Amino acid sequence: MGAAAFAATLAAYSWQTSRTLYAEEIPASDPTPVFETKRRKAKSKEDNRDLISSQHLQVKKSWENPGVYAWGSNGGRVAAPDSDEKFVKTPRRIPFFNGVLLRDIKLDKKFGAAIDEKGDLLQWGTDFSSTCRKPETTLKGKNLRSLTTSRDRILALSESGTVYSLPVSQEEQQSGPKPSESSWIPFLSFSSPISYRTVAPKDLAWNEKITRISGGLEHLLILTNKGRVFSAAAGSQDFPRHGQLGIPGLTWNTRPSGSYDQPHEIHTLSGFHVTKIAAGDYHSILSDKDGRVFAFGDNSYGQLGFEYSSDSSIVDSPSLLPIQKLYAGTSSVPRVTSVAAGGSNSYFTVDATKVASQTGDDTRLGNVTSDTFSCGQGIWGNLANGRWTHVQSTPVRIPSLSGLFEYDERAGKTVPIRLSRFSVGQTHAAAVMDNVTYLNATKSSSENDTNWGADVVFFGNNEFYQLGTGKRNNVANPVYLRPLDSESEREFRGKEQHRFQITPLKRVRVGGRSVDLEQRVECGRGVTAVYSGV
């Protein structure tokens, strides 16, 4: 280094080190960390409960302000009928349903359908009408209790056991053939104001009636109170061709004479008293009173629980699923307690009872463990096992929904936590836990006596924000949501975060009358809702 350069470097160094350095100013306030901020003083006993428990506040709000929260795809104006937003990213109330109680609701990306408290059908969305901005009543006076949807039709079950099938489109309802209906005046009949059909199985036994329906994009499953199962075509565009009807050899060309959507009894199931039915897009899952599972239809992603075969991805006859293999070597006897399906996925809940083993370890003899299994497509996380598996043909246990226990103070013992309800959309799902809940806080009980509901988790595809997290990433492990009524939460807790809990069935006062009310979650095709159900 030359003398000139060395002198310049030394001058720069001297300038930097000669600057006056100051230490960070000490705050004037007390720097002692605060671990818990003091909450405001409660104004009343009920106010204190709201302050100390988010769950109590959520339960109270669900009774005081019944309605429907929806989120997800809004391209068809389903999640928010009065908005042109493409997505509804977090739960939002649909104003039309404020104070309205529903029997059922089903959601597609471009149409929605619900049954109100009176049993009338409500419809909305662009596939119903391009100008629709709020739900409209369509099928009236049938005392409907539940519904399912296909690609282009709505199928609703009445309290009397009649299945009604009507087009989604308002235009088709007005222009199609309208059946004749009887009047309360003797010998007088009139035409229905809208077009619909009835789907009626033949040769029902005396005192036998339809108790449950479930449908996919093309097919419908029908269950009677005698444990018999029928299947039928459910859409107007395509006749079921993936074996999902459970009738070997049945195609459009081989169907018997009569209407294309006539029900067919699945005789393979004769002798089995079926109690639960579930339909995916192109497959069917059933379980009987003894906890056995039967599956048929499309198996392209392993959704039937059988090994995928490249020779044929279709199983067109009900086949028994070997659930016992899932517990091989565990000294536990499994019994399926519920089934659910949607899209290309199937789910099973199982009670596994510990029995005597050759090892002589009988310390847990008779203990019951509740597990949940999934199979089918998992590329979006809809297997809920933390993995992104394209095809899953062997049912896999969902860790966060299996082997759970809690202490029941009323029973005085530890009990397994089962699932109360599974709602499966096309690519996402929600599970409501049957954990211990409490809804008996009264004016006379302690100010610290609070209500709380059931846990509910969501997982799977989130392309349309249908998981309600506010983000768009898919979820392979079940997650909680924040409380639906965020404004009430902020009023009492500011930025403090809590999880959403769903309110179970309870007789409460709504609008000056007593009703049996509960919150229910419904996952549809790219859309999700939580509604006040009766």
# chains A, B, ... in the order shown; residues from 1 in each chain; ligands from 1
$ residues_around --residues "range 148-163 of chain A" --least-positions-apart "2" --cutoff "9 Å" --atoms "only C-alpha atoms" --output "ChimeraX atom specification"
/A:105-108,113,115,119,121,127,142-146,165-169,197-200,209-220,224,234-237,281
$ write_last_selection --atoms "N, CA and C atoms" --output "CSV table (one decimal), in the first residue's frame"
chain,number,residue,atom,x,y,z
A,105,ILE,N,-79.1,-28.1,4.1
A,105,ILE,CA,-78.6,-27.2,3.1
A,105,ILE,C,-77.5,-28.0,2.3
A,106,LYS,N,-77.4,-27.7,1.0
A,106,LYS,CA,-76.4,-28.3,0.1
A,106,LYS,C,-75.9,-27.2,-0.8
A,107,LEU,N,-74.6,-27.2,-1.1
A,107,LEU,CA,-74.0,-26.1,-1.8
A,107,LEU,C,-73.1,-26.7,-2.9
A,108,ASP,N,-73.2,-26.1,-4.1
A,108,ASP,CA,-72.4,-26.4,-5.2
A,108,ASP,C,-71.7,-25.0,-5.6
A,113,ALA,N,-79.0,-24.9,-2.4
A,113,ALA,CA,-80.4,-25.4,-2.1
A,113,ALA,C,-80.5,-25.6,-0.5
A,115,ILE,N,-83.6,-26.4,2.8
A,115,ILE,CA,-84.9,-26.6,3.3
A,115,ILE,C,-85.2,-25.8,4.5
A,119,GLY,N,-90.3,-26.8,5.8
A,119,GLY,CA,-90.2,-27.9,4.9
A,119,GLY,C,-90.2,-27.6,3.4
A,121,LEU,N,-88.5,-25.8,-0.1
A,121,LEU,CA,-87.2,-25.8,-0.7
A,121,LEU,C,-86.9,-24.3,-1.2
A,127,ASP,N,-76.7,-21.0,-11.6
A,127,ASP,CA,-77.3,-22.1,-12.3
A,127,ASP,C,-78.8,-22.2,-12.1
A,142,LYS,N,-94.4,-29.6,0.6
A,142,LYS,CA,-94.1,-31.1,0.6
A,142,LYS,C,-93.5,-31.6,1.9
A,143,ASN,N,-93.3,-30.7,2.9
A,143,ASN,CA,-92.7,-31.1,4.2
A,143,ASN,C,-91.4,-31.8,4.0
A,144,LEU,N,-90.5,-31.2,3.3
A,144,LEU,CA,-89.2,-31.8,3.0
A,144,LEU,C,-88.4,-31.8,4.3
A,145,ARG,N,-87.5,-32.8,4.4
A,145,ARG,CA,-86.6,-33.0,5.6
A,145,ARG,C,-85.1,-33.0,5.3
A,146,SER,N,-84.7,-33.5,4.1
A,146,SER,CA,-83.3,-33.6,3.8
A,146,SER,C,-83.2,-33.6,2.3
A,165,SER,N,-87.6,-35.1,-7.3
A,165,SER,CA,-86.4,-34.8,-8.1
A,165,SER,C,-86.8,-33.6,-9.0
A,166,LEU,N,-86.1,-32.5,-9.0
A,166,LEU,CA,-86.4,-31.4,-9.8
A,166,LEU,C,-85.1,-30.8,-10.4
A,167,PRO,N,-85.2,-30.2,-11.5
A,167,PRO,CA,-84.0,-29.5,-12.1
A,167,PRO,C,-83.5,-28.4,-11.3
A,168,VAL,N,-82.2,-28.1,-11.3
A,168,VAL,CA,-81.7,-27.0,-10.7
A,168,VAL,C,-82.1,-25.7,-11.3
A,169,SER,N,-82.2,-25.7,-12.6
A,169,SER,CA,-82.5,-24.5,-13.4
A,169,SER,C,-84.0,-24.0,-13.2
A,197,ARG,N,-90.3,-34.5,-10.5
A,197,ARG,CA,-90.7,-36.0,-10.7
A,197,ARG,C,-90.6,-36.6,-9.3
A,198,THR,N,-91.2,-37.7,-9.1
A,198,THR,CA,-91.0,-38.5,-7.8
A,198,THR,C,-90.3,-39.7,-8.2
A,199,VAL,N,-89.3,-40.1,-7.3
A,199,VAL,CA,-88.5,-41.3,-7.4
A,199,VAL,C,-89.0,-42.3,-6.4
A,200,ALA,N,-89.7,-43.3,-6.9
A,200,ALA,CA,-90.4,-44.2,-5.9
A,200,ALA,C,-90.0,-45.7,-6.2
A,209,LYS,N,-90.7,-47.4,4.6
A,209,LYS,CA,-90.6,-46.1,3.9
A,209,LYS,C,-89.2,-45.7,3.8
A,210,ILE,N,-88.9,-44.7,2.9
A,210,ILE,CA,-87.6,-44.2,2.7
A,210,ILE,C,-87.2,-43.3,3.9
A,211,THR,N,-86.0,-43.6,4.5
A,211,THR,CA,-85.6,-42.8,5.6
A,211,THR,C,-84.3,-41.9,5.3
A,212,ARG,N,-83.6,-42.3,4.3
A,212,ARG,CA,-82.4,-41.5,4.0
A,212,ARG,C,-82.0,-41.6,2.5
A,213,ILE,N,-81.4,-40.5,2.0
A,213,ILE,CA,-80.9,-40.5,0.6
A,213,ILE,C,-79.5,-39.9,0.6
A,214,SER,N,-78.7,-40.3,-0.4
A,214,SER,CA,-77.4,-39.7,-0.6
A,214,SER,C,-77.1,-39.8,-2.0
A,215,GLY,N,-76.5,-38.8,-2.6
A,215,GLY,CA,-76.2,-38.8,-4.0
A,215,GLY,C,-74.9,-38.3,-4.5
A,216,GLY,N,-74.5,-38.7,-5.7
A,216,GLY,CA,-73.3,-38.2,-6.3
A,216,GLY,C,-73.6,-37.4,-7.5
A,217,LEU,N,-72.7,-37.3,-8.4
A,217,LEU,CA,-72.9,-36.4,-9.6
A,217,LEU,C,-73.9,-37.1,-10.6
A,218,GLU,N,-74.0,-38.4,-10.6
A,218,GLU,CA,-74.9,-39.1,-11.5
A,218,GLU,C,-75.9,-40.0,-10.8
A,219,HIS,N,-75.7,-40.4,-9.6
A,219,HIS,CA,-76.5,-41.5,-9.0
A,219,HIS,C,-77.0,-41.1,-7.6
A,220,LEU,N,-78.1,-41.9,-7.2
A,220,LEU,CA,-78.7,-41.7,-6.0
A,220,LEU,C,-78.8,-43.0,-5.2
A,224,THR,N,-84.2,-47.6,3.2
A,224,THR,CA,-85.5,-47.7,3.8
A,224,THR,C,-85.3,-48.1,5.3
A,234,ALA,N,-79.5,-40.1,-11.0
A,234,ALA,CA,-79.9,-38.9,-10.3
A,234,ALA,C,-79.8,-37.6,-11.2
A,235,GLY,N,-79.1,-37.7,-12.3
A,235,GLY,CA,-78.9,-36.5,-13.2
A,235,GLY,C,-79.7,-36.7,-14.5
A,236,SER,N,-79.7,-35.6,-15.2
A,236,SER,CA,-80.4,-35.6,-16.6
A,236,SER,C,-79.4,-35.7,-17.7
A,237,GLN,N,-78.1,-35.5,-17.4
A,237,GLN,CA,-77.1,-35.5,-18.5
A,237,GLN,C,-76.5,-36.8,-18.8
A,281,ASP,N,-68.7,-38.8,-5.7
A,281,ASP,CA,-69.0,-38.4,-7.1
A,281,ASP,C,-69.5,-39.6,-7.9
$ select_by_dssp --residues "range 141-274 of chain A" --states "helix (DSSP H, G or I)" --output "PyMOL selection string"
chain A and resi 170-175+267-269
$ closest_atom_pairs --of "range 112-203 of chain A" --to "range 265-270 of chain A" --cutoff "12 Å" --atoms "only C-alpha atoms" --output "CSV"
residue,atom,partner,partner_atom,distance
A:Ala200,CA,A:Glu265,CA,11.2
A:Pro201,CA,A:Glu265,CA,7.8
A:Lys202,CA,A:Glu265,CA,8.8
A:Asp203,CA,A:Glu265,CA,9.9
$ select_by_dssp --residues "range 313-498 of chain A" --states "strand (DSSP E or B)" --output "PyMOL selection string"
chain A and resi 314-320+332-342+345-354+368-376+392-397+405-408+413-416+419-424+428-433+438+452+454-460+475-479
$ residues_around --residues "His273 in chain A" --least-positions-apart "6" --cutoff "9 Å" --atoms "only C-alpha atoms" --output "PyMOL selection string"
chain A and resi 226-228+287-290
$ atom_distance --atom1 "CA of Gly271 in chain A" --atom2 "CA of Ser319 in chain A"
14.2 Å
$ closest_residue --among "A:Phe296, A:Tyr327, A:Tyr465, A:Trp388" --to "Pro248 in chain A" --atoms "only C-alpha atoms"
A:Phe296
$ atom_distance --atom1 "CA of Ile277 in chain A" --atom2 "CA of Gln244 in chain A"
12.4 Å
$ residues_around --residues "Arg77 in chain A" --least-positions-apart "5" --cutoff "12 Å" --atoms "only C-alpha atoms" --output "ChimeraX atom specification"
/A:70-72,82-88,94,107-112,123-135,527
$ write_last_selection --atoms "C-alpha atoms" --output "short mmCIF file (atom, residue, chain, number, x, y, z; two decimals), in the first residue's frame"
data_model
loop_
_atom_site.label_atom_id
_atom_site.label_comp_id
_atom_site.auth_asym_id
_atom_site.auth_seq_id
_atom_site.Cartn_x
_atom_site.Cartn_y
_atom_site.Cartn_z
CA ALA A 70 -70.80 -19.44 4.17
CA TRP A 71 -67.42 -19.19 2.50
CA GLY A 72 -65.48 -20.45 -0.52
CA ASP A 82 -75.69 -10.42 -3.05
CA SER A 83 -72.00 -10.00 -4.00
CA ASP A 84 -69.98 -10.30 -7.22
CA GLU A 85 -66.79 -11.25 -5.38
CA LYS A 86 -65.11 -14.32 -6.82
CA PHE A 87 -64.24 -15.75 -3.40
CA VAL A 88 -65.43 -15.40 0.16
CA ILE A 94 -75.78 -14.62 4.29
CA LEU A 107 -73.97 -26.15 -1.82
CA ASP A 108 -72.36 -26.37 -5.24
CA LYS A 109 -70.08 -23.80 -6.83
CA LYS A 110 -72.94 -22.47 -8.98
CA PHE A 111 -76.10 -23.34 -7.08
CA GLY A 112 -77.33 -23.68 -3.53
CA GLN A 123 -82.75 -22.18 -4.24
CA TRP A 124 -80.19 -19.62 -5.39
CA GLY A 125 -77.04 -19.27 -7.51
CA THR A 126 -76.38 -18.58 -11.18
CA ASP A 127 -77.25 -22.13 -12.31
CA PHE A 128 -80.68 -21.57 -10.77
CA SER A 129 -81.05 -18.14 -12.34
CA SER A 130 -78.48 -15.76 -13.80
CA THR A 131 -80.31 -12.84 -12.21
CA CYS A 132 -80.81 -14.43 -8.79
CA ARG A 133 -79.55 -12.26 -5.93
CA LYS A 134 -81.18 -14.02 -2.98
CA PRO A 135 -82.70 -17.44 -2.21
CA VAL A 527 -68.16 -24.07 -0.76
#
$ atom_distance --atom1 "CA of Tyr407 in chain A" --atom2 "CA of Val436 in chain A"
8.4 Å
$ residues_around --residues "Ala42 in chain A" --least-positions-apart "4" --cutoff "8 Å" --atoms "only C-alpha atoms" --output "list of chain:residue names"
A:Asp47, A:Asn48, A:Leu51
$ write_last_selection --atoms "C-alpha atoms" --output "PDB file, in the first residue's frame"
ATOM      1  CA  ASP A  47     -70.861 -10.498  31.101  1.00  0.00           C
ATOM      2  CA  ASN A  48     -68.272 -12.273  33.237  1.00  0.00           C
ATOM      3  CA  LEU A  51     -65.228 -12.348  29.270  1.00  0.00           C
TER       4      LEU A  51
END
$ closest_residue --among "A:Gly342, A:Pro416, A:Gly425, A:Pro318" --to "Asn367 in chain A" --atoms "only C-alpha atoms"
A:Pro416
$ residues_around --residues "Pro177 in chain A" --least-positions-apart "2" --cutoff "10 Å" --atoms "only C-alpha atoms" --output "list in words"
Glu172, Gln173, Gln174, Ser175, Pro179, Ser180, Ser191, Ser192, Ile194, Ser195, Tyr196 and Arg197 of chain A
$ closest_atom_pairs --of "range 316-400 of chain A" --to "range 410-415 of chain A" --cutoff "10 Å" --atoms "only C-alpha atoms" --output "JSON lines"
{"residue": "A:Asn367", "atom": "CA", "partner": "A:Val415", "partner_atom": "CA", "distance": 9.3}
{"residue": "A:Val368", "atom": "CA", "partner": "A:Val415", "partner_atom": "CA", "distance": 8.4}
{"residue": "A:Thr369", "atom": "CA", "partner": "A:Val415", "partner_atom": "CA", "distance": 8.8}
{"residue": "A:Ser370", "atom": "CA", "partner": "A:Val415", "partner_atom": "CA", "distance": 9.7}
$ write_last_selection --atoms "N, CA and C atoms" --output "PDB file, in the first residue's frame"
ATOM      1  N   ASN A 367     -61.710 -52.370  26.765  1.00  0.00           N
ATOM      2  CA  ASN A 367     -61.557 -50.947  26.447  1.00  0.00           C
ATOM      3  C   ASN A 367     -61.840 -50.688  24.973  1.00  0.00           C
ATOM      4  N   VAL A 368     -62.454 -49.560  24.689  1.00  0.00           N
ATOM      5  CA  VAL A 368     -62.809 -49.197  23.319  1.00  0.00           C
ATOM      6  C   VAL A 368     -61.998 -47.989  22.877  1.00  0.00           C
ATOM      7  N   THR A 369     -61.406 -48.107  21.703  1.00  0.00           N
ATOM      8  CA  THR A 369     -60.696 -46.994  21.076  1.00  0.00           C
ATOM      9  C   THR A 369     -61.432 -46.608  19.804  1.00  0.00           C
ATOM     10  N   SER A 370     -61.640 -45.326  19.607  1.00  0.00           N
ATOM     11  CA  SER A 370     -62.328 -44.852  18.407  1.00  0.00           C
ATOM     12  C   SER A 370     -61.303 -44.312  17.408  1.00  0.00           C
TER      13      SER A 370
END
$ residues_around --residues "Pro263 in chain A" --least-positions-apart "6" --cutoff "6 Å" --atoms "only C-alpha atoms" --output "NGL selection string"
:A and (201 or 230-232)
$ closest_residue --among "A:Phe348, A:Phe96, A:Phe294, A:Tyr308" --to "Leu321 in chain A" --atoms "only C-alpha atoms"
A:Phe294
$ closest_residue --among "A:Lys276, A:His283, A:Arg292, A:Lys443" --to "Leu245 in chain A" --atoms "only C-alpha atoms"
A:His283
$ closest_residue --among "A:Ser310, A:Thr442, A:Gln58, A:Gln426" --to "Glu522 in chain A" --atoms "only C-alpha atoms"
A:Gln426
$ closest_residue --among "A:Ser259, A:Asn98, A:Ser54, A:Gln170" --to "Arg493 in chain A" --atoms "only C-alpha atoms"
A:Ser54
